[in-house]
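K.L.:
Can you keep this structure in mind? I'll have questions shortly.
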Amino acid sequence: MLTLTTKIDQSATVDGELILRYDQREKSRLRAALRSGEEVAIFTVRGTVLRHGDLLRGNDDRVIRIEAAAEATYRVECVDAHSLLRCAFHLGNRHTQAQLGDGFLRIREDAVLKEMLEGLGATVRAEQAAFEPESGAYGGGHRHGDDQHGGHPLAPIPLRQRIHRPSDKPDA
């Protein structure tokens, strides 16, 4: 079975596509099938999220591209930016993953959240779409490179994060 463990930045060739819903792309261990039907295993660090277009190198040096599958979502739109910001605030207050678009938010289908958003004056429409939520304040944006091999191993790499609180005193 093909095993995917290393994220790479680019490749001259792509040997296959793996279409996954968002909930599958955030799993650290996953067995799935390529578009061709071939089974693959993915091993990532807990907390890693695979994004649409990411490239993974397999144990046999083949390169596989991640494709975000269309899934059941809600598109949230408002008459003005302030109203949309209010909706984003209330979703964030409930720790709801949200994708930010140009003039809209996208969330996973959830009837309770739909009712809340409509109560805030939003238009909420069901749609099948790729879901790519924000990664969050501590979601990364940095990479641990493997310059020798041109890739980023998805093996356990400890992340040391410090959460800064307003009550923290500055270092002297």
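Every chain in the structure tokens takes a letter, A first, then B, and so on in the order presented; its residues are numbered from 1, and the ligands are numbered from 1 following the presented order.
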Do you know which residues are at most 8 Å from Met1 in chain A counting only C-alpha atoms, after dropping those on the same chain fewer than 2 positions away, and could you put them as a PyMOL selection string?
P.N.:
chain A and resi 3+39-41
K.L.:
Write out as a VMD selection string each polymer residue whose atoms come within 9 Å of range 19-34 of chain A, counting only C-alpha atoms; drop sequence neighbours fewer than 6 positions from it.
P.N.:
chain A and resid 40 to 52 64 to 71 130 to 133
K.L.:
When you count only C-alpha atoms, which of these residues is closest to Val63 in chain A: A:Leu2, A:Met116, A:Val14, A:Val124?
P.N.:
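Checking each candidate against Val63 in chain A, we get A:Val14 as the closest.
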K.L.:
Using only C-alpha atoms, pick whichever of A:Cys78, A:Glu134, A:Thr5, A:Glu118 has the shortest atom-to-atom distance to Gly92 in chain A.
P.N.:
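Nearest to Gly92 in chain A: A:Glu134.
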